[in-house]
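Colleague: Handing you a structure now.
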Amino acid sequence: MEEAILSLQQEINAFEIRNARDLEAFRHAYTVRKGRIAALFSQLKSVEASRRPGIGQLLNALKLTADEKIEAANAAFSSPTARKSQAIDLTLPGRREFSGSEHPVQKVLGEMKQIFHAMGFSIATGPELELDRNNFDMLNFPPDHPARDMQDTFFVTRGNPGGDVLLRTHTSPVQVRVMLDNKPPIRVICPGKVYRNEAISSRSYCVFHQLEGLYIDKNVSFADLKATIFSFARQMFGTDVKLRFRPSFFPFTEPSAEVDVTCYLCGGKGCRVCKKSGWLEIMGCGMVHPNVMRNCGIDPETWSGYAFGMGVDRTVLLRYKIDDIRLLFENDARMLRQFPA
Ligand code: DAH
């Protein structure tokens, strides 16, 4: 009996536990209820009574060695590095990383730019922090025009010797900069962000995007304006859209108009988005006011031109069925991820 215990002791000592499978095999061979240590314990009954305590002690020591070995192995396999190496399942398919993509506003702006580029327009940009003069005065806004009101405009500094500074409320001041810096003929579009101090809701936000257009040459007429807008609208909204020009007023154009397209969601039949009218307003436009030309050093007797300005964000919302304009400005990855490249 002692010999059997001793040889098992040696076997247990020599057993190398390198991984979880070895550990399981070890337990199964030696320490489970029907294992080899238990088998020796069951022989204890048949041992002579006087020798039983001694042999019992040997058996207990054997059991202890085995248990300690199991405990040590358990600790090794559940150490942080061991746990980590066990947690990696190399057979799992890889997790795809999200790669950055173009923001939906930039997508739509990109399309708009491309359409005008093909018609010969180049791109001009201007600063978002603008002088009151360029945003209002040069564009023929009278001093008491309501658009200058604190309610609409974010003023940055007032009473500056160089003039008040504000966040531009439209892209039209870029027209002024282009006319001041260039001689006609001029054919530019000016895309960019604009700011208005309005109540924030799902439909309006304090910042949004506009795309301005300006064409100055000899003998430019309202018919040229119409043809350009029509060509743009057909490419942007679909070849069967109809256009409607409504008389309107802007200080910087005369005559002025607002342009509607047939609602491209319901095809002009009338729906919730177009408020049953069948039309969606897309831009303001008109012939550049002689005062604006004069302010910018261009002789309105020699040159004439048209201008237009459109909002970009509404088209983005309708195109992608987004129901809250704020989502366009929050850069929430959960939203952006839905617009893969
Ligand atoms: N700046 C105008 C606005 O923000 C839009 C606009 C209307 C621009 C008519 C133009 C124009 O160039 O001719 O509401």
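Every chain in the structure tokens takes a letter, A first, then B, and so on in the order presented; its residues are numbered from 1, and the ligands are numbered from 1 following the presented order.
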Please identify every residue of chain A that has at least one atom no farther than 7 Å from an atom of ligand 1, counting only C-alpha atoms and all ligand atoms, and for each give the shortest atom pair and the distance in Å to one decimal, arranged by chain then increasing number, as a Markdown table.

Modeller:
```
| residue | atom | partner | partner_atom_place_in_ligand_line | distance |
| --- | --- | --- | --- | --- |
| A:Thr169 | CA | ligand 1 | 4 (O) | 6.7 |
| A:His170 | CA | ligand 1 | 4 (O) | 4.5 |
| A:Thr171 | CA | ligand 1 | 1 (N) | 6.2 |
| A:Ser172 | CA | ligand 1 | 1 (N) | 5.2 |
| A:Glu212 | CA | ligand 1 | 12 (O) | 5.6 |
| A:Gly213 | CA | ligand 1 | 12 (O) | 6.2 |
| A:Leu214 | CA | ligand 1 | 12 (O) | 6.9 |
| A:Phe250 | CA | ligand 1 | 9 (C) | 6.0 |
| A:Phe252 | CA | ligand 1 | 13 (O) | 6.7 |
| A:Thr253 | CA | ligand 1 | 13 (O) | 5.6 |
| A:Ser256 | CA | ligand 1 | 9 (C) | 6.8 |
| A:Met283 | CA | ligand 1 | 7 (C) | 6.6 |
| A:Gly284 | CA | ligand 1 | 7 (C) | 3.7 |
| A:Cys285 | CA | ligand 1 | 13 (O) | 3.5 |
| A:Gly286 | CA | ligand 1 | 13 (O) | 4.6 |
| A:Met287 | CA | ligand 1 | 13 (O) | 6.9 |
| A:Val288 | CA | ligand 1 | 13 (O) | 6.8 |
| A:Tyr306 | CA | ligand 1 | 13 (O) | 6.8 |
| A:Ala307 | CA | ligand 1 | 13 (O) | 4.1 |
| A:Phe308 | CA | ligand 1 | 12 (O) | 3.7 |
| A:Gly309 | CA | ligand 1 | 8 (C) | 3.5 |
| A:Met310 | CA | ligand 1 | 5 (C) | 6.1 |
```

Colleague: Kindly save the residues from that selection, with C-alpha atoms included, as an mmCIF file, in the first residue's frame.

Modeller:
```
data_model
loop_
_atom_site.group_PDB
_atom_site.id
_atom_site.type_symbol
_atom_site.label_atom_id
_atom_site.label_comp_id
_atom_site.auth_asym_id
_atom_site.auth_seq_id
_atom_site.Cartn_x
_atom_site.Cartn_y
_atom_site.Cartn_z
ATOM 1 C CA THR A 169 -25.989 85.739 -42.063
ATOM 2 C CA HIS A 170 -25.794 84.680 -45.721
ATOM 3 C CA THR A 171 -23.204 83.889 -48.391
ATOM 4 C CA SER A 172 -24.027 87.089 -50.296
ATOM 5 C CA GLU A 212 -24.608 81.575 -53.666
ATOM 6 C CA GLY A 213 -24.233 82.225 -57.377
ATOM 7 C CA LEU A 214 -23.102 85.348 -59.229
ATOM 8 C CA PHE A 250 -34.162 91.384 -51.728
ATOM 9 C CA PHE A 252 -29.404 93.446 -53.444
ATOM 10 C CA THR A 253 -31.410 92.375 -56.507
ATOM 11 C CA SER A 256 -36.063 89.689 -57.343
ATOM 12 C CA MET A 283 -33.824 79.698 -53.646
ATOM 13 C CA GLY A 284 -33.928 83.453 -53.902
ATOM 14 C CA CYS A 285 -32.552 85.188 -56.951
ATOM 15 C CA GLY A 286 -32.644 88.288 -59.110
ATOM 16 C CA MET A 287 -30.715 90.760 -61.235
ATOM 17 C CA VAL A 288 -27.850 92.326 -59.297
ATOM 18 C CA TYR A 306 -27.772 87.884 -61.902
ATOM 19 C CA ALA A 307 -27.361 86.340 -58.465
ATOM 20 C CA PHE A 308 -29.006 83.537 -56.581
ATOM 21 C CA GLY A 309 -28.745 82.021 -53.146
ATOM 22 C CA MET A 310 -30.044 78.677 -51.952
#
```

Colleague: Find the spatial neighbours of Glu130 in chain A, counting only C-alpha atoms, within a cut-off of 9 Å - ignore same-chain residues fewer than 6 positions away - and output them as a VMD selection string.

Modeller: chain A and resid 164 to 168 173

Colleague: Would you save the residues from that selection as a PDB file, in the first residue's frame, using C-alpha atoms?

Modeller:
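Saved result, selection09.pdb, follows:
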```pdb
ATOM      1  CA  ASP A 164     -18.739  95.983 -36.719  1.00  0.00           C
ATOM      2  CA  VAL A 165     -17.868  92.304 -37.017  1.00  0.00           C
ATOM      3  CA  LEU A 166     -20.517  89.599 -37.205  1.00  0.00           C
ATOM      4  CA  LEU A 167     -21.043  86.002 -38.210  1.00  0.00           C
ATOM      5  CA  ARG A 168     -22.256  86.266 -41.788  1.00  0.00           C
ATOM      6  CA  PRO A 173     -21.055  89.037 -48.816  1.00  0.00           C
TER       7      PRO A 173
END
```

Colleague: For the structure I just gave you, how does DSSP split range 103-137 of chain A - specifically, which residues are helix (DSSP H, G or I)? Reply as a PyMOL selection string.

Modeller: chain A and resi 104-118+132-135+137

Colleague: Got time to write the residues from that selection, N, CA, C and O atoms, as a JSON list (two decimals), in the first residue's frame?

Modeller:
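The resulting file, again28.json, is reproduced below:
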```
[["chain", "number", "residue", "atom", "x", "y", "z"],
["A", 104, "PRO", "N", -23.12, 63.99, -45.18],
["A", 104, "PRO", "CA", -24.20, 64.15, -46.18],
["A", 104, "PRO", "C", -24.30, 65.58, -46.71],
["A", 104, "PRO", "O", -24.63, 65.76, -47.89],
["A", 105, "VAL", "N", -24.02, 66.57, -45.87],
["A", 105, "VAL", "CA", -24.08, 67.96, -46.38],
["A", 105, "VAL", "C", -23.01, 68.16, -47.45],
["A", 105, "VAL", "O", -23.26, 68.77, -48.50],
["A", 106, "GLN", "N", -21.83, 67.62, -47.20],
["A", 106, "GLN", "CA", -20.75, 67.78, -48.19],
["A", 106, "GLN", "C", -21.05, 67.02, -49.47],
["A", 106, "GLN", "O", -20.67, 67.43, -50.55],
["A", 107, "LYS", "N", -21.76, 65.89, -49.31],
["A", 107, "LYS", "CA", -22.15, 65.12, -50.50],
["A", 107, "LYS", "C", -23.03, 65.96, -51.40],
["A", 107, "LYS", "O", -22.82, 66.06, -52.61],
["A", 108, "VAL", "N", -24.08, 66.53, -50.79],
["A", 108, "VAL", "CA", -25.03, 67.33, -51.57],
["A", 108, "VAL", "C", -24.34, 68.58, -52.12],
["A", 108, "VAL", "O", -24.50, 68.93, -53.30],
["A", 109, "LEU", "N", -23.56, 69.24, -51.28],
["A", 109, "LEU", "CA", -22.82, 70.43, -51.75],
["A", 109, "LEU", "C", -21.91, 70.06, -52.92],
["A", 109, "LEU", "O", -21.80, 70.81, -53.89],
["A", 110, "GLY", "N", -21.28, 68.90, -52.82],
["A", 110, "GLY", "CA", -20.40, 68.44, -53.89],
["A", 110, "GLY", "C", -21.14, 68.29, -55.20],
["A", 110, "GLY", "O", -20.66, 68.70, -56.26],
["A", 111, "GLU", "N", -22.33, 67.72, -55.14],
["A", 111, "GLU", "CA", -23.14, 67.57, -56.36],
["A", 111, "GLU", "C", -23.49, 68.93, -56.94],
["A", 111, "GLU", "O", -23.45, 69.14, -58.15],
["A", 112, "MET", "N", -23.90, 69.84, -56.05],
["A", 112, "MET", "CA", -24.29, 71.18, -56.51],
["A", 112, "MET", "C", -23.10, 71.86, -57.20],
["A", 112, "MET", "O", -23.22, 72.43, -58.27],
["A", 113, "LYS", "N", -21.94, 71.75, -56.55],
["A", 113, "LYS", "CA", -20.74, 72.39, -57.11],
["A", 113, "LYS", "C", -20.44, 71.83, -58.50],
["A", 113, "LYS", "O", -20.08, 72.55, -59.41],
["A", 114, "GLN", "N", -20.57, 70.51, -58.61],
["A", 114, "GLN", "CA", -20.24, 69.86, -59.88],
["A", 114, "GLN", "C", -21.15, 70.34, -61.01],
["A", 114, "GLN", "O", -20.70, 70.58, -62.12],
["A", 115, "ILE", "N", -22.44, 70.48, -60.67],
["A", 115, "ILE", "CA", -23.39, 70.93, -61.69],
["A", 115, "ILE", "C", -23.01, 72.33, -62.18],
["A", 115, "ILE", "O", -22.96, 72.60, -63.39],
["A", 116, "PHE", "N", -22.70, 73.22, -61.24],
["A", 116, "PHE", "CA", -22.35, 74.59, -61.64],
["A", 116, "PHE", "C", -20.97, 74.66, -62.29],
["A", 116, "PHE", "O", -20.73, 75.45, -63.20],
["A", 117, "HIS", "N", -20.10, 73.81, -61.84],
["A", 117, "HIS", "CA", -18.76, 73.77, -62.44],
["A", 117, "HIS", "C", -18.87, 73.45, -63.93],
["A", 117, "HIS", "O", -18.22, 74.07, -64.77],
["A", 118, "ALA", "N", -19.74, 72.47, -64.23],
["A", 118, "ALA", "CA", -19.92, 72.08, -65.64],
["A", 118, "ALA", "C", -20.51, 73.22, -66.46],
["A", 118, "ALA", "O", -20.37, 73.24, -67.69],
["A", 132, "ASP", "N", -19.78, 93.86, -40.97],
["A", 132, "ASP", "CA", -21.16, 94.32, -41.14],
["A", 132, "ASP", "C", -21.31, 94.95, -42.53],
["A", 132, "ASP", "O", -22.29, 94.72, -43.24],
["A", 133, "ARG", "N", -20.28, 95.70, -42.91],
["A", 133, "ARG", "CA", -20.32, 96.42, -44.20],
["A", 133, "ARG", "C", -20.56, 95.46, -45.37],
["A", 133, "ARG", "O", -21.40, 95.71, -46.22],
["A", 134, "ASN", "N", -19.80, 94.35, -45.41],
["A", 134, "ASN", "CA", -19.96, 93.41, -46.53],
["A", 134, "ASN", "C", -21.25, 92.61, -46.44],
["A", 134, "ASN", "O", -21.84, 92.24, -47.46],
["A", 135, "ASN", "N", -21.67, 92.34, -45.21],
["A", 135, "ASN", "CA", -22.86, 91.50, -45.02],
["A", 135, "ASN", "C", -24.14, 92.29, -45.32],
["A", 135, "ASN", "O", -25.14, 91.72, -45.77],
["A", 137, "ASP", "N", -24.28, 96.64, -45.67],
["A", 137, "ASP", "CA", -24.22, 97.94, -46.37],
["A", 137, "ASP", "C", -23.97, 97.80, -47.87],
["A", 137, "ASP", "O", -24.70, 98.36, -48.69]]
```

Colleague: Please tabulate, as CSV, the residues of range 253-330 of chain A that come within 8 Å of range 233-249 of chain A, each with its closest pair of atoms and the distance in Å to one decimal, counting only C-alpha atoms and ordering rows by chain, then residue number upward.

Modeller:
```
residue,atom,partner,partner_atom,distance
A:Thr253,CA,A:Phe249,CA,7.5
A:Glu254,CA,A:Phe249,CA,7.7
A:Pro255,CA,A:Phe249,CA,7.5
A:Ser256,CA,A:Ser248,CA,5.1
A:Ala257,CA,A:Pro247,CA,4.4
A:Glu258,CA,A:Arg246,CA,5.1
A:Val259,CA,A:Phe245,CA,4.7
A:Asp260,CA,A:Arg244,CA,5.1
A:Val261,CA,A:Leu243,CA,4.7
A:Thr262,CA,A:Lys242,CA,5.4
A:Cys263,CA,A:Val241,CA,7.9
A:Tyr264,CA,A:Phe237,CA,6.6
A:Gly267,CA,A:Val241,CA,7.8
```

Colleague: Those same residues - N, CA, C and O atoms - I'd like them written as an mmCIF file, in the first residue's frame.

Modeller:
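Wrote it out as part-v2.cif, contents follow:
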```cif
data_model
loop_
_atom_site.group_PDB
_atom_site.id
_atom_site.type_symbol
_atom_site.label_atom_id
_atom_site.label_comp_id
_atom_site.auth_asym_id
_atom_site.auth_seq_id
_atom_site.Cartn_x
_atom_site.Cartn_y
_atom_site.Cartn_z
ATOM 1 N N THR A 253 -31.024 92.736 -55.136
ATOM 2 C CA THR A 253 -31.410 92.375 -56.507
ATOM 3 C C THR A 253 -32.666 93.148 -56.904
ATOM 4 O O THR A 253 -33.507 93.476 -56.068
ATOM 5 N N GLU A 254 -32.748 93.440 -58.198
ATOM 6 C CA GLU A 254 -33.943 94.098 -58.719
ATOM 7 C C GLU A 254 -34.070 93.800 -60.200
ATOM 8 O O GLU A 254 -33.160 94.155 -60.955
ATOM 9 N N PRO A 255 -35.088 93.139 -60.677
ATOM 10 C CA PRO A 255 -36.140 92.522 -59.871
ATOM 11 C C PRO A 255 -35.627 91.294 -59.125
ATOM 12 O O PRO A 255 -34.572 90.766 -59.430
ATOM 13 N N SER A 256 -36.427 90.861 -58.141
ATOM 14 C CA SER A 256 -36.063 89.689 -57.343
ATOM 15 C C SER A 256 -37.153 88.628 -57.465
ATOM 16 O O SER A 256 -38.317 88.963 -57.743
ATOM 17 N N ALA A 257 -36.759 87.407 -57.248
ATOM 18 C CA ALA A 257 -37.747 86.322 -57.301
ATOM 19 C C ALA A 257 -37.369 85.226 -56.326
ATOM 20 O O ALA A 257 -36.203 85.113 -55.916
ATOM 21 N N GLU A 258 -38.378 84.465 -55.962
ATOM 22 C CA GLU A 258 -38.109 83.218 -55.250
ATOM 23 C C GLU A 258 -38.487 82.082 -56.188
ATOM 24 O O GLU A 258 -39.441 82.205 -56.964
ATOM 25 N N VAL A 259 -37.707 81.008 -56.121
ATOM 26 C CA VAL A 259 -37.899 79.910 -57.068
ATOM 27 C C VAL A 259 -38.443 78.689 -56.335
ATOM 28 O O VAL A 259 -37.916 78.295 -55.298
ATOM 29 N N ASP A 260 -39.484 78.115 -56.902
ATOM 30 C CA ASP A 260 -40.031 76.858 -56.375
ATOM 31 C C ASP A 260 -39.824 75.762 -57.417
ATOM 32 O O ASP A 260 -39.879 76.033 -58.616
ATOM 33 N N VAL A 261 -39.588 74.537 -56.964
ATOM 34 C CA VAL A 261 -39.637 73.381 -57.868
ATOM 35 C C VAL A 261 -40.838 72.540 -57.478
ATOM 36 O O VAL A 261 -41.261 72.559 -56.314
ATOM 37 N N THR A 262 -41.351 71.791 -58.450
ATOM 38 C CA THR A 262 -42.424 70.857 -58.097
ATOM 39 C C THR A 262 -41.852 69.888 -57.073
ATOM 40 O O THR A 262 -40.719 69.433 -57.201
ATOM 41 N N CYS A 263 -42.645 69.608 -56.063
ATOM 42 C CA CYS A 263 -42.177 68.759 -54.957
ATOM 43 C C CYS A 263 -41.697 67.412 -55.519
ATOM 44 O O CYS A 263 -42.466 66.687 -56.155
ATOM 45 N N TYR A 264 -40.408 67.119 -55.290
ATOM 46 C CA TYR A 264 -39.872 65.886 -55.876
ATOM 47 C C TYR A 264 -40.134 64.669 -55.004
ATOM 48 O O TYR A 264 -39.667 63.578 -55.295
ATOM 49 N N GLY A 267 -44.087 64.414 -56.528
ATOM 50 C CA GLY A 267 -44.236 64.701 -57.955
ATOM 51 C C GLY A 267 -45.204 65.838 -58.209
ATOM 52 O O GLY A 267 -45.762 65.960 -59.301
#
```

Colleague: Taking only range 64-310 of chain A into account, list the residues labelled strand (DSSP E) by DSSP (computed from the backbone), as number ranges by chain.

Modeller: A: 122-123, 129-131, 155-157, 165-167, 186-195, 207-217, 243-250, 253-262, 279-288, 304-310

Colleague: Keeping C-alpha atoms for every residue in the selection just given, could you write it to a file as a CSV table (one decimal), in the first residue's frame?

Modeller:
```csv
chain,number,residue,atom,x,y,z
A,122,SER,CA,-15.7,78.6,-60.4
A,123,ILE,CA,-15.8,78.5,-56.6
A,129,LEU,CA,-16.5,86.2,-39.6
A,130,GLU,CA,-17.5,89.1,-41.8
A,131,LEU,CA,-17.7,92.9,-41.6
A,155,PHE,CA,-22.7,90.4,-33.7
A,156,VAL,CA,-19.1,89.7,-32.5
A,157,THR,CA,-17.8,93.2,-31.9
A,165,VAL,CA,-17.9,92.3,-37.0
A,166,LEU,CA,-20.5,89.6,-37.2
A,167,LEU,CA,-21.0,86.0,-38.2
A,186,ILE,CA,-17.5,87.0,-63.3
A,187,ARG,CA,-19.1,83.6,-62.9
A,188,VAL,CA,-18.8,82.1,-59.4
A,189,ILE,CA,-20.6,80.1,-56.9
A,190,CYS,CA,-19.9,80.6,-53.2
A,191,PRO,CA,-20.8,77.7,-50.9
A,192,GLY,CA,-20.4,78.0,-47.2
A,193,LYS,CA,-21.8,78.1,-43.6
A,194,VAL,CA,-24.0,81.0,-42.5
A,195,TYR,CA,-25.3,81.9,-39.0
A,207,VAL,CA,-25.9,77.6,-38.4
A,208,PHE,CA,-26.7,76.2,-41.9
A,209,HIS,CA,-25.3,76.0,-45.4
A,210,GLN,CA,-26.0,78.2,-48.4
A,211,LEU,CA,-24.8,78.2,-52.0
A,212,GLU,CA,-24.6,81.6,-53.7
A,213,GLY,CA,-24.2,82.2,-57.4
A,214,LEU,CA,-23.1,85.3,-59.2
A,215,TYR,CA,-22.8,86.0,-62.9
A,216,ILE,CA,-21.8,89.4,-64.3
A,217,ASP,CA,-21.1,90.0,-68.0
A,243,LEU,CA,-40.0,75.6,-62.0
A,244,ARG,CA,-42.0,78.6,-60.7
A,245,PHE,CA,-40.6,82.1,-60.3
A,246,ARG,CA,-42.5,84.2,-57.7
A,247,PRO,CA,-41.9,87.9,-57.5
A,248,SER,CA,-40.1,88.8,-54.3
A,249,PHE,CA,-37.8,91.3,-52.7
A,250,PHE,CA,-34.2,91.4,-51.7
A,253,THR,CA,-31.4,92.4,-56.5
A,254,GLU,CA,-33.9,94.1,-58.7
A,255,PRO,CA,-36.1,92.5,-59.9
A,256,SER,CA,-36.1,89.7,-57.3
A,257,ALA,CA,-37.7,86.3,-57.3
A,258,GLU,CA,-38.1,83.2,-55.3
A,259,VAL,CA,-37.9,79.9,-57.1
A,260,ASP,CA,-40.0,76.9,-56.4
A,261,VAL,CA,-39.6,73.4,-57.9
A,262,THR,CA,-42.4,70.9,-58.1
A,279,TRP,CA,-44.1,73.1,-54.6
A,280,LEU,CA,-40.9,73.4,-52.6
A,281,GLU,CA,-39.0,76.7,-52.4
A,282,ILE,CA,-35.4,76.3,-53.3
A,283,MET,CA,-33.8,79.7,-53.6
A,284,GLY,CA,-33.9,83.5,-53.9
A,285,CYS,CA,-32.6,85.2,-57.0
A,286,GLY,CA,-32.6,88.3,-59.1
A,287,MET,CA,-30.7,90.8,-61.2
A,288,VAL,CA,-27.8,92.3,-59.3
A,304,SER,CA,-25.3,93.4,-65.9
A,305,GLY,CA,-25.7,90.3,-63.9
A,306,TYR,CA,-27.8,87.9,-61.9
A,307,ALA,CA,-27.4,86.3,-58.5
A,308,PHE,CA,-29.0,83.5,-56.6
A,309,GLY,CA,-28.7,82.0,-53.1
A,310,MET,CA,-30.0,78.7,-52.0
```

Colleague: Smallest atom-to-atom distance to His145 in chain A: which of A:Pro251, A:Gly94, A:Met293, A:Glu48, using only C-alpha atoms?

Modeller: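 Once distances to His145 in chain A are computed over only C-alpha atoms, the minimum belongs to A:Pro251.
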
Colleague: Find the residues around Lys218 in chain A up to 10 Å (only C-alpha atoms counted), leave out those fewer than 4 positions away in its own chain, and share them as a CSV table (one decimal) with N, CA, C and O atoms, in the first residue's frame.

Modeller:
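The resulting part34.csv:
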```
chain,number,residue,atom,x,y,z
A,184,PRO,N,-15.3,92.1,-64.3
A,184,PRO,CA,-16.1,91.2,-65.0
A,184,PRO,C,-15.4,90.8,-66.3
A,184,PRO,O,-14.5,91.5,-66.8
A,185,PRO,N,-15.8,89.7,-67.0
A,185,PRO,CA,-16.9,88.9,-66.6
A,185,PRO,C,-16.6,88.0,-65.3
A,185,PRO,O,-15.5,87.6,-65.2
A,300,PRO,N,-22.8,99.7,-63.8
A,300,PRO,CA,-24.0,99.0,-64.1
A,300,PRO,C,-24.5,99.4,-65.5
A,300,PRO,O,-25.4,98.8,-66.1
A,301,GLU,N,-23.9,100.5,-66.1
A,301,GLU,CA,-24.3,100.8,-67.5
A,301,GLU,C,-23.7,99.9,-68.5
A,301,GLU,O,-24.2,99.6,-69.5
A,302,THR,N,-22.5,99.4,-68.1
A,302,THR,CA,-21.8,98.5,-69.0
A,302,THR,C,-22.1,97.0,-68.8
A,302,THR,O,-22.2,96.2,-69.7
A,303,TRP,N,-22.2,96.7,-67.5
A,303,TRP,CA,-22.4,95.3,-67.1
A,303,TRP,C,-23.7,95.1,-66.5
A,303,TRP,O,-24.3,96.0,-65.9
A,304,SER,N,-24.1,93.8,-66.6
A,304,SER,CA,-25.3,93.4,-65.9
A,304,SER,C,-25.1,92.0,-65.3
A,304,SER,O,-24.2,91.3,-65.8
A,305,GLY,N,-25.9,91.6,-64.4
A,305,GLY,CA,-25.7,90.3,-63.9
A,305,GLY,C,-26.8,89.7,-63.0
A,305,GLY,O,-27.8,90.5,-62.7
```

Colleague: So which residues touch Ala38 in chain A within 12 Å, counting only C-alpha atoms, skipping near sequence neighbours fewer than 3 positions away, as a list in words?

Modeller: Ile5, Leu8, Arg27, His28, Ala29, Tyr30, Thr31, Val32, Arg33, Lys34, Gly35, Phe41, Ser42, Gln43, Leu44, Gly56, Leu59, Asn60, Leu62, Lys63 and Ala66 of chain A

Colleague: Have a look at CA of Glu3 in chain A and CA of Ala25 in chain A and let me know their distance in Å, one decimal.

Modeller: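 CA of Ala25 in chain A lies at a distance of 23.5 Å from CA of Glu3 in chain A.
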
Colleague: Quick one: of A:Gly159, A:Glu198, A:Phe77, A:Asp299, who's nearest to Ala147 in chain A, counting only C-alpha atoms?

Modeller: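 Of A:Gly159, A:Glu198, A:Phe77, A:Asp299, the one nearest Ala147 in chain A, counting only C-alpha atoms, is A:Glu198.
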